[in-house]
Amino acid sequence: MSKVERFFIGPQIAMSTIKSESSGGGVPTVALAKAGNLVFTNGVVSNHPETGEHVAGDIKVQTRQVLENLKLGLAKAGTSFDNVVMVHAFLKDMRD
């Protein structure tokens, strides 16, 4: 079995619903796990990667920030959008 490497981008974002010792009570802007040549991400958010502050704006502004954050994470794991196979997006409002 391949060794799993973990990569994190951004400071911990406080979330009252997440209470685990490993997360410190929050989640990073981008979290990735790499096993062999596969990279997995989960819950990439639109917060600023350096400050953790929420990026205000409409769906276009927030989507752009999510993609920029994901790009940073993929680069840190040694890959890029060129190798992305599948994306799931969750929208608060389906009209977006």
# chains A, B, ... in the order shown; residues from 1 in each chain; ligands from 1
$ residues_around --residues "Lys3 in chain A" --least-positions-apart "4" --cutoff "12 Å" --atoms "only C-alpha atoms" --output "ChimeraX atom specification"
/A:33-38
$ residues_around --residues "range 40-55 of chain A" --least-positions-apart "4" --cutoff "6 Å" --atoms "only C-alpha atoms" --output "number ranges by chain"
A: 10-11, 29-33, 62, 65-66
$ atom_distance --atom1 "CA of Ala75 in chain A" --atom2 "CA of Phe90 in chain A"
23.0 Å
$ atom_distance --atom1 "CA of Asn69 in chain A" --atom2 "CA of Phe81 in chain A"
11.8 Å
$ closest_residue --among "A:Val39, A:Ile9, A:Ala56, A:Val4" --to "Gly78 in chain A" --atoms "only C-alpha atoms"
A:Val39
$ select_by_dssp --residues "chain A" --states "strand (DSSP E or B)" --output "list of chain:residue names"
A:Val4, A:Glu5, A:Arg6, A:Phe7, A:Phe8, A:Ile9, A:Ile13, A:Ala14, A:Gly26, A:Val27, A:Val30, A:Ala31, A:Leu32, A:Ala33, A:Lys34, A:Ala35, A:Leu38, A:Val39, A:Phe40, A:Thr41, A:Asn47, A:His54
$ atom_distance --atom1 "CA of Ala77 in chain A" --atom2 "CA of Phe7 in chain A"
6.9 Å
